[in-house]
Structures are given as C-alpha cells and as structure tokens.
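Structure data follow from model-v1.txt (compact mmCIF, C-alpha atoms):
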# COMPACT_ATOMS: atom_id res chain seq x y z
CA MET A 1 -56.37 11.34 -71.49
CA ARG A 2 -54.11 8.63 -70.09
CA GLU A 3 -54.96 5.81 -67.71
CA LEU A 4 -52.57 4.22 -65.25
CA ILE A 5 -53.32 1.06 -63.30
CA VAL A 6 -51.65 0.85 -59.90
CA GLY A 7 -49.40 -2.20 -59.68
CA SER A 8 -47.80 -3.94 -56.71
CA ASN A 9 -44.74 -1.67 -56.80
CA ASP A 10 -46.97 1.45 -56.80
CA ALA A 11 -49.48 0.53 -54.09
CA GLY A 12 -49.17 2.20 -50.71
CA GLN A 13 -47.81 5.49 -52.04
CA ARG A 14 -49.50 8.84 -51.66
CA LEU A 15 -51.16 10.00 -54.85
CA ASP A 16 -48.95 13.07 -55.23
CA LYS A 17 -45.73 11.16 -54.51
CA PHE A 18 -46.64 8.53 -57.08
CA LEU A 19 -47.46 11.11 -59.76
CA THR A 20 -44.19 12.94 -59.16
CA LYS A 21 -42.36 9.77 -60.24
CA ALA A 22 -44.83 8.52 -62.83
CA VAL A 23 -45.16 11.86 -64.66
CA PRO A 24 -41.86 13.63 -63.83
CA ALA A 25 -42.33 16.30 -66.51
CA LEU A 26 -45.48 17.59 -64.82
CA PRO A 27 -44.61 20.60 -62.60
CA GLN A 28 -45.58 20.29 -58.94
CA THR A 29 -47.81 23.37 -59.11
CA LEU A 30 -49.83 21.88 -61.97
CA LEU A 31 -49.96 18.47 -60.31
CA TYR A 32 -51.73 19.84 -57.23
CA LYS A 33 -53.93 22.12 -59.32
CA TYR A 34 -55.05 19.25 -61.56
CA ILE A 35 -55.92 17.10 -58.54
CA ARG A 36 -58.08 19.91 -57.14
CA LEU A 37 -59.77 20.49 -60.52
CA LYS A 38 -60.50 16.76 -60.96
CA ARG A 39 -58.29 16.55 -64.02
CA ILE A 40 -56.62 13.71 -62.12
CA LYS A 41 -59.13 11.16 -60.84
CA VAL A 42 -58.84 7.88 -58.97
CA ASN A 43 -61.39 5.25 -59.95
CA GLY A 44 -63.40 7.92 -61.73
CA LYS A 45 -63.71 10.21 -58.71
CA ARG A 46 -61.98 13.24 -57.25
CA SER A 47 -59.25 12.20 -54.83
CA GLU A 48 -57.36 13.79 -51.99
CA ILE A 49 -53.69 14.55 -52.49
CA ARG A 50 -52.76 12.35 -49.53
CA TYR A 51 -54.80 9.35 -50.72
CA LYS A 52 -52.83 6.10 -50.39
CA LEU A 53 -53.01 4.15 -53.62
CA ALA A 54 -54.30 0.58 -53.55
CA LEU A 55 -53.44 -2.28 -55.87
CA GLY A 56 -55.66 -2.09 -58.98
CA ASP A 57 -56.66 1.56 -58.59
CA LYS A 58 -57.27 3.24 -61.96
CA LEU A 59 -55.94 6.75 -62.43
CA SER A 60 -57.44 8.90 -65.17
CA LEU A 61 -55.12 11.73 -66.15
CA TYR A 62 -56.65 14.55 -68.23
CA ILE A 63 -53.24 16.04 -68.93
CA ASN A 64 -51.60 17.37 -72.09
CA ASP A 65 -49.57 14.82 -74.00
CA GLU A 66 -46.43 16.94 -73.72
CA PHE A 67 -46.07 15.91 -70.08
CA PHE A 68 -45.85 12.25 -71.07
CA GLU A 69 -43.35 12.71 -73.87
CA ARG A 70 -40.23 12.57 -71.73
CA PRO A 71 -38.89 9.02 -72.17
CA LYS A 72 -37.59 6.95 -69.34
CA ALA A 73 -33.84 7.27 -68.88
CA PRO A 74 -32.10 4.35 -70.59
CA VAL A 75 -30.64 1.70 -68.34
CA LEU A 76 -26.88 1.78 -68.68
CA SER A 77 -25.19 -1.44 -69.71
CA GLY A 78 -22.46 -0.81 -67.14
CA GLY A 79 -19.70 -3.33 -66.50
CA GLU A 80 -19.46 -6.71 -64.86
CA LEU A 81 -21.59 -7.47 -61.82
CA SER A 82 -20.68 -9.99 -59.14
CA VAL A 83 -23.94 -11.31 -57.65
CA VAL A 84 -23.36 -13.11 -54.35
CA TYR A 85 -27.02 -13.82 -53.52
CA GLU A 86 -30.33 -13.34 -55.32
CA ASP A 87 -33.99 -14.21 -54.87
CA GLU A 88 -37.29 -12.77 -56.12
CA ASN A 89 -37.09 -9.79 -53.72
CA LEU A 90 -33.47 -8.73 -53.56
CA LEU A 91 -29.91 -9.32 -54.61
CA VAL A 92 -26.58 -8.81 -52.89
CA ALA A 93 -23.76 -7.57 -55.10
CA ASP A 94 -20.02 -7.55 -54.40
CA LYS A 95 -18.94 -4.00 -55.32
CA PRO A 96 -15.33 -3.48 -56.42
CA ALA A 97 -13.32 -0.61 -54.96
CA GLY A 98 -13.40 2.43 -57.21
CA LEU A 99 -17.00 2.03 -58.35
CA LEU A 100 -19.63 4.57 -57.26
CA CYS A 101 -22.88 3.28 -55.79
CA HIS A 102 -24.90 6.10 -57.41
CA GLU A 103 -24.23 8.75 -60.02
CA GLY A 104 -22.10 11.66 -58.90
CA ARG A 105 -21.88 15.01 -60.62
CA GLU A 106 -21.57 13.57 -64.11
CA ALA A 107 -24.63 12.00 -65.72
CA GLY A 108 -24.07 8.64 -67.35
CA GLU A 109 -21.33 7.49 -64.97
CA ASP A 110 -20.80 3.77 -64.51
CA THR A 111 -22.30 2.92 -61.11
CA LEU A 112 -23.26 -0.11 -59.09
CA ILE A 113 -26.99 0.60 -59.38
CA ALA A 114 -26.67 1.00 -63.17
CA ARG A 115 -24.96 -2.39 -63.38
CA ILE A 116 -27.64 -3.95 -61.19
CA GLN A 117 -30.51 -2.50 -63.22
CA ALA A 118 -28.88 -3.57 -66.49
CA TYR A 119 -28.41 -7.10 -65.11
CA LEU A 120 -32.06 -7.29 -64.00
CA VAL A 121 -33.22 -6.11 -67.43
CA ARG A 122 -31.13 -8.82 -69.09
CA THR A 123 -32.54 -11.52 -66.78
CA GLY A 124 -36.13 -10.26 -67.18
CA ALA A 125 -36.54 -9.42 -63.50
CA TYR A 126 -36.97 -5.70 -64.26
CA ARG A 127 -39.04 -4.32 -67.14
CA PRO A 128 -38.81 -0.50 -67.06
CA GLU A 129 -41.62 -0.09 -69.58
CA ALA A 130 -44.00 -1.94 -67.25
CA GLU A 131 -43.27 0.25 -64.20
CA HIS A 132 -44.86 3.61 -63.42
CA SER A 133 -42.82 4.72 -60.43
CA PHE A 134 -40.40 2.02 -59.25
CA ALA A 135 -36.92 1.01 -60.26
CA PRO A 136 -34.65 -1.45 -58.39
CA ALA A 137 -32.72 0.50 -55.77
CA LEU A 138 -29.89 0.15 -53.27
CA CYS A 139 -30.93 -0.23 -49.64
CA HIS A 140 -27.66 1.28 -48.38
CA ARG A 141 -24.36 2.41 -49.83
CA ILE A 142 -20.62 2.24 -49.21
CA ASP A 143 -17.84 4.65 -50.17
CA ARG A 144 -16.43 4.62 -53.68
CA GLY A 145 -13.08 3.35 -52.38
CA THR A 146 -14.66 0.62 -50.23
CA SER A 147 -15.34 -2.80 -51.68
CA GLY A 148 -17.85 -5.41 -50.62
CA LEU A 149 -21.47 -6.36 -50.14
CA VAL A 150 -24.37 -4.06 -50.99
CA ILE A 151 -28.08 -4.99 -50.90
CA ALA A 152 -30.44 -3.97 -53.71
CA ALA A 153 -34.23 -4.35 -53.58
CA LYS A 154 -36.06 -5.69 -56.64
CA THR A 155 -39.53 -4.66 -55.44
CA ALA A 156 -40.97 -1.63 -53.65
CA GLU A 157 -42.09 -3.75 -50.70
CA ALA A 158 -38.64 -5.29 -50.31
CA LEU A 159 -37.08 -1.82 -50.42
CA ARG A 160 -39.38 -0.60 -47.65
CA VAL A 161 -38.76 -3.63 -45.43
CA LEU A 162 -35.00 -3.76 -45.91
CA CYS A 163 -34.52 -0.04 -45.28
CA GLU A 164 -36.54 -0.37 -42.09
CA LYS A 165 -34.50 -3.39 -40.95
CA ILE A 166 -31.26 -1.51 -41.56
CA LYS A 167 -32.61 1.44 -39.57
CA LEU A 168 -33.46 -0.92 -36.69
CA HIS A 169 -29.97 -2.51 -36.86
CA GLU A 170 -31.49 -5.87 -37.74
CA ILE A 171 -29.10 -6.32 -40.64
CA GLN A 172 -25.64 -6.50 -39.10
CA LYS A 173 -22.68 -5.42 -41.23
CA THR A 174 -19.14 -6.67 -40.61
CA TYR A 175 -16.10 -5.18 -42.31
CA LEU A 176 -12.50 -6.24 -42.83
CA CYS A 177 -9.77 -3.64 -43.06
CA ILE A 178 -6.00 -3.39 -43.17
CA ALA A 179 -4.73 -0.73 -40.80
CA VAL A 180 -1.27 0.73 -40.30
CA GLY A 181 0.67 -0.31 -37.21
CA LYS A 182 0.29 -2.80 -34.36
CA PHE A 183 -2.66 -2.41 -31.99
CA GLN A 184 -1.96 -2.44 -28.25
CA LYS A 185 -5.34 -4.06 -27.60
CA LYS A 186 -6.54 -7.06 -29.59
CA SER A 187 -10.12 -5.84 -29.41
CA GLY A 188 -12.01 -2.80 -28.27
CA ARG A 189 -14.87 -0.37 -28.65
CA ILE A 190 -14.74 3.20 -29.95
CA GLN A 191 -17.58 5.53 -29.01
CA ASN A 192 -17.62 9.27 -29.67
CA TYR A 193 -19.34 11.93 -31.80
CA LEU A 194 -18.72 12.50 -35.50
CA TYR A 195 -19.22 15.81 -37.25
CA LYS A 196 -19.11 16.15 -41.04
CA ASN A 197 -17.77 19.35 -42.56
CA GLU A 198 -19.72 19.43 -45.82
CA ALA A 199 -17.46 22.03 -47.45
CA GLN A 200 -14.38 19.87 -46.85
CA ASN A 201 -16.19 16.53 -47.24
CA ARG A 202 -14.31 15.48 -44.14
CA VAL A 203 -15.46 14.00 -40.83
CA TYR A 204 -14.09 14.98 -37.42
CA ALA A 205 -14.34 13.04 -34.16
CA HIS A 206 -15.20 14.73 -30.85
CA ASP A 207 -15.28 13.37 -27.31
CA ARG A 208 -18.36 15.41 -26.48
CA MET A 209 -21.50 16.33 -28.36
CA ILE A 210 -21.32 19.47 -30.49
CA PRO A 211 -24.02 20.99 -32.73
CA GLY A 212 -24.45 18.89 -35.86
CA ALA A 213 -22.52 15.89 -34.54
CA ARG A 214 -23.94 12.37 -34.27
CA THR A 215 -23.09 9.54 -31.92
CA ALA A 216 -20.90 6.82 -33.43
CA GLU A 217 -19.88 3.41 -32.11
CA THR A 218 -17.48 0.89 -33.63
CA ARG A 219 -16.22 -2.45 -32.30
CA TYR A 220 -13.06 -4.06 -33.60
CA GLU A 221 -10.99 -7.24 -33.31
CA VAL A 222 -7.43 -7.66 -34.60
CA LEU A 223 -7.15 -10.90 -36.59
CA ASP A 224 -3.51 -10.80 -37.73
CA PHE A 225 -0.37 -8.65 -37.84
CA GLN A 226 2.32 -8.74 -40.51
CA ASP A 227 5.11 -6.37 -41.52
CA GLY A 228 3.73 -3.35 -39.73
CA LEU A 229 0.11 -3.86 -40.83
CA SER A 230 -2.92 -5.23 -38.98
CA LEU A 231 -5.87 -7.15 -40.42
CA VAL A 232 -8.90 -6.03 -38.42
CA LYS A 233 -12.52 -7.15 -38.25
CA VAL A 234 -14.88 -4.26 -37.58
CA ALA A 235 -18.55 -4.25 -36.59
CA LEU A 236 -20.58 -1.07 -37.06
CA ILE A 237 -23.03 -0.37 -34.26
CA THR A 238 -23.92 2.91 -35.96
CA GLY A 239 -23.40 3.71 -39.63
CA ARG A 240 -22.03 7.22 -40.00
CA THR A 241 -20.17 8.71 -42.95
CA HIS A 242 -16.48 7.64 -42.98
CA GLN A 243 -17.01 6.09 -39.53
CA ILE A 244 -14.48 3.24 -39.72
CA ARG A 245 -11.89 5.40 -41.46
CA VAL A 246 -12.15 8.17 -38.86
CA HIS A 247 -12.24 5.80 -35.88
CA MET A 248 -9.21 3.80 -37.00
CA ALA A 249 -7.28 7.01 -37.71
CA GLY A 250 -8.27 8.30 -34.27
CA LEU A 251 -6.65 5.24 -32.69
CA GLY A 252 -3.44 6.03 -34.55
CA HIS A 253 -4.01 3.19 -37.03
CA PRO A 254 -5.39 4.72 -40.25
CA LEU A 255 -6.48 2.44 -43.05
CA LEU A 256 -3.87 1.57 -45.62
CA GLY A 257 -4.67 3.38 -48.86
CA ASP A 258 -6.84 6.05 -47.24
CA SER A 259 -5.97 9.30 -49.03
CA LYS A 260 -8.08 11.46 -46.70
CA TYR A 261 -7.27 10.17 -43.22
CA GLY A 262 -4.25 7.96 -43.89
CA ILE A 263 -0.46 8.24 -44.23
CA GLU A 264 0.52 9.06 -47.80
CA LYS A 265 4.10 7.74 -47.47
CA ILE A 266 2.90 4.29 -46.45
CA ASN A 267 0.14 4.32 -49.07
CA ARG A 268 2.76 4.93 -51.75
CA GLN A 269 4.98 2.23 -50.32
CA TYR A 270 2.26 -0.38 -50.87
CA ARG A 271 0.90 1.30 -54.01
CA ALA A 272 -2.51 1.37 -52.32
CA ARG A 273 -4.81 3.62 -54.37
CA SER A 274 -7.96 3.16 -52.28
CA GLN A 275 -8.64 2.38 -48.64
CA MET A 276 -8.22 -1.27 -47.68
CA LEU A 277 -11.77 -1.62 -46.40
CA GLN A 278 -14.31 -4.28 -47.33
CA ALA A 279 -17.95 -4.79 -46.38
CA TYR A 280 -17.34 -8.48 -45.79
CA ARG A 281 -20.41 -9.99 -44.15
CA LEU A 282 -24.16 -9.39 -43.78
CA GLN A 283 -26.20 -11.08 -41.06
CA PHE A 284 -30.00 -10.94 -41.03
CA ARG A 285 -31.36 -10.85 -37.47
CA PHE A 286 -35.03 -9.91 -37.88
CA SER A 287 -37.60 -9.38 -35.14
CA GLY A 288 -41.34 -9.18 -35.62
CA GLU A 289 -43.04 -10.34 -38.80
CA SER A 290 -42.39 -9.23 -42.36
CA PRO A 291 -42.64 -10.61 -45.91
CA LEU A 292 -38.87 -11.21 -45.80
CA ASP A 293 -38.82 -13.38 -42.68
CA TYR A 294 -37.32 -16.24 -44.71
CA LEU A 295 -34.03 -14.30 -44.55
CA ASN A 296 -33.92 -14.40 -40.75
CA GLY A 297 -30.74 -16.11 -39.60
CA ARG A 298 -29.11 -16.00 -43.03
CA GLU A 299 -25.48 -14.94 -43.31
CA ILE A 300 -23.90 -13.75 -46.56
CA THR A 301 -20.14 -13.30 -46.94
CA SER A 302 -17.91 -12.00 -49.69
CA PRO A 303 -16.35 -14.74 -51.84
CA THR A 304 -13.01 -12.87 -51.75
CA PRO A 305 -12.33 -11.71 -48.17
CA LEU A 306 -9.73 -9.00 -47.76
CA SER A 307 -6.27 -10.36 -46.85
CA PHE A 308 -2.61 -9.43 -46.75
CA GLN A 309 -2.07 -11.49 -49.90
CA GLN A 310 -3.96 -8.87 -51.93
CA LEU A 311 -1.36 -6.21 -51.17
CA HIS A 312 1.52 -5.15 -53.37
CA CYS A 313 4.90 -5.84 -51.84
CA PRO A 314 6.70 -2.72 -50.59
CA LYS A 315 9.19 -1.17 -52.98
Would you encode the structure as structure tokens?
Amino acid sequence: MRELIVGSNDAGQRLDKFLTKAVPALPQTLLYKYIRLKRIKVNGKRSEIRYKLALGDKLSLYINDEFFERPKAPVLSGGELSVVYEDENLLVADKPAGLLCHEGREAGEDTLIARIQAYLVRTGAYRPEAEHSFAPALCHRIDRGTSGLVIAAKTAEALRVLCEKIKLHEIQKTYLCIAVGKFQKKSGRIQNYLYKNEAQNRVYAHDRMIPGARTAETRYEVLDFQDGLSLVKVALITGRTHQIRVHMAGLGHPLLGDSKYGIEKINRQYRARSQMLQAYRLQFRFSGESPLDYLNGREITSPTPLSFQQLHCPK
C-alpha cells in the first residue's frame, strides 16, 4: 500500500486525472476498477472518479508495487537558457531559432522545456521527486525556426491562470520579422481563414470559410526598409499555426529565411537558414482578479530585438 498526500500543485484535479499522471504505469481500465473496488481511497473512504482533490487529501493506494516501479523520466541537462524574467510563479525565456519547444519524434531531443526544467532543478525551484503529477510547463509555443519570448509556468495554478489569460487574449504578443520586398502600405490588417493540411504540414489562406478552417487576424506596421527587405512589427489578434508566415506570404512579402512559404533564391542570397521571425514583446493586460494580478501592466521585451544588422551580407 502506498500513500500520497495532495500538494498545492495537485489540488483541484479530478481523482482519475491525477492518478493518470501520478501512477502512469497503471492501465486506465485497472485505475477505474480499483476506484470502484475501494482499492483507491481518499481520506480512508471510497471516492467518486470525478472527485476534485483538495490540498492535504490523503490517497491510499492498495496497488501492486510493480505499478510504482517506473522511475520518473530524468530531466535533461539541455543547453544554455536565456531567462529574461522570473518570479516564484513563472519565467520568460528567450528561445533561439532552431530549438524545439517540446520533444518531436525522437525521445531525448534538446528542447526549450528540457532546458527550463533543468535550470529550475539547478536553482531548487523544481524538485521532481517531491511532485506527484506536476512538472513546469510551457504556456504557449512558437515554431522551431522562430526565436523569442516563451512563458513557462512553475506551478500548476500559474499554468492554469496563464493559459486562460492567453485564451482570453489578455497576454498580447508582438513579433518582429524581416520580409522580402517593399510594402505599398506602411500598416494594415489581414483577416481571412486559415486551413492546415496535416499531411503536408502546410497552411493555406482562404477568403471565405471552408470546413476545417479557422478565422485569423494579423496587424502589421513597417518600421524600416533597406536593400529590398522590410523590418515589420506584427501583432497577432489570433494565434493560428504559421499565421504570420502565411499572411506575409499572402501579401507578396514572405519572410526571409522561410523554407516553406518563402523564396529560396533570396534565402540563399542572405544565407538565411530559418525564418526571420521573433516573438519580441509580451504585454500583460489582465481583467478580473487572479493570483497573478501583480503582472498586470507589465511589459517584457527581448534583450536582442531582430534587426537588419543580424543578417549576412548578400553574396
């Protein structure tokens, strides 16, 4: 028999959802069976599957030891991590282009979340052995080829609040990009419908709604123009897959370095191996009340904003 005490990062979860993470080797069919048979009890009593755990609840698990023998996955040491902002609830990291946010098809890949977790272990902010179901997690993600700011939550409550604020558009994201060509209009708004072809991993823009498409809106402002390239500030009103890349290409100004939607000849000319796109600024504009209200009004920017000076000179 094992006992688990519900901590602050576990409270508020359904019993079955918590157990799925806390005892991952236990098959779902046995999990539900053991709850019904009272081999899993909460505070010494039979519990409903949908019971919401409270801080300090004691779970008694009359389960074979074999289901507890699977060790926690080791936290990868990863590479360097640029932390732009950090407090007790979250951190904002400056991701380099070329780094995945999460693991792809290959286990053990170097990723942003692995670097963040390794950093938090080193600083003592995250102790995997003390957690039953929670690990620090990203609140959103950006493409592998995109650089810039990404928010990670250090607690379960912060993760819940930040994800909700992003959903409500109360965390505003501003990007910088370098696009090919000179814009006719210094600023504008793009609004259409984006459809992702999963087989091709490619997004297509449509002027009208089609099955599977989602509305997308982007606002842009041209900041500078040099040698056939434009430095553009972009604000996402919606956050769809490849949205900025597809919208800029649709205007006839694809991002420099974009291998999927861009112009390969110009990419080679500047030796641009990834799209010139940076998540440059985060602005917290919260409404209502939450435990993270102290962030309201805060603005976080990248210490190395994208600029023409970062480009290779044409051959």
Which one is closest to Thr304 in chain A: A:Phe286, A:Tyr280, A:Tyr126, A:Tyr119? Count all atoms listed in the file.
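Ranked by minimum distance to Thr304 in chain A, first place goes to A:Tyr280.
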Taking all atoms listed in the file into account, which of A:Leu236, A:Leu61, A:Ile266, A:Leu176 comes nearest Val222 in chain A?
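The answer is A:Leu176, which sits nearest to Val222 in chain A.
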Do you have, as a tab-separated table, the list of residues of range 240-297 of chain A lying at most 6 Å from range 164-175 of chain A, each with its nearest atom pair and that distance in Å to one decimal, counting only C-alpha atoms and ordered by chain then number?
residue	atom	partner	partner_atom	distance
A:Gln278	CA	A:Tyr175	CA	5.4
A:Ala279	CA	A:Tyr175	CA	4.5
A:Tyr280	CA	A:Tyr175	CA	5.0
A:Arg281	CA	A:Thr174	CA	5.0
A:Leu282	CA	A:Lys173	CA	4.9
A:Gln283	CA	A:Gln172	CA	5.0
A:Phe284	CA	A:Ile171	CA	4.7
A:Arg285	CA	A:Glu170	CA	5.0
A:Phe286	CA	A:Glu170	CA	5.4
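For the pair CA of Ala179 in chain A and CA of Ile300 in chain A, the interatomic distance is 23.9 Å.
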Could you pull the residues within 7 Å of range 15-29 of chain A, counting only C-alpha atoms, minus those fewer than 5 positions along the same chain, as a list in words?
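Using only C-alpha atoms, the neighbours found are Ile49, Arg50, Tyr51, Lys52, Leu53, Phe67, Phe68, Arg70, His132 and Ser133 of chain A.
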Using all atoms listed in the file: which of A:Ser60, A:Thr241, A:Thr218, A:Gln184 has the shortest distance to Asn197 in chain A
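Counting all atoms listed in the file, the residue closest to Asn197 in chain A is A:Thr241.
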Find the residues around Val150 in chain A up to 12 Å (all atoms listed in the file counted), leave out those fewer than 6 positions away in its own chain, and share them as a ChimeraX atom specification.
/A:81-86,90-96,100-101,112-113,116,137-143,162,166,171,173-174,278-282,300-302
Residues within 9 Å of Tyr204 in chain A, only C-alpha atoms, excluding chain neighbours under 5 positions, as a list in words
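Final neighbour list, sorted by chain and number: Tyr193, Leu194, Tyr195, Lys196, Asn197, Ala213 and Val246 of chain A.
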Shell around Val232 in chain A at 10 Å using only C-alpha atoms, local window under 4 positions removed, as a list in words
Tyr175, Leu176, Cys177, Ile178, Ala179, Phe183, Lys186, Ser187, Tyr220, Glu221, Val222, Leu223, Asp224, Phe225, Met248, Leu255, Leu277, Leu306 and Ser307 of chain A
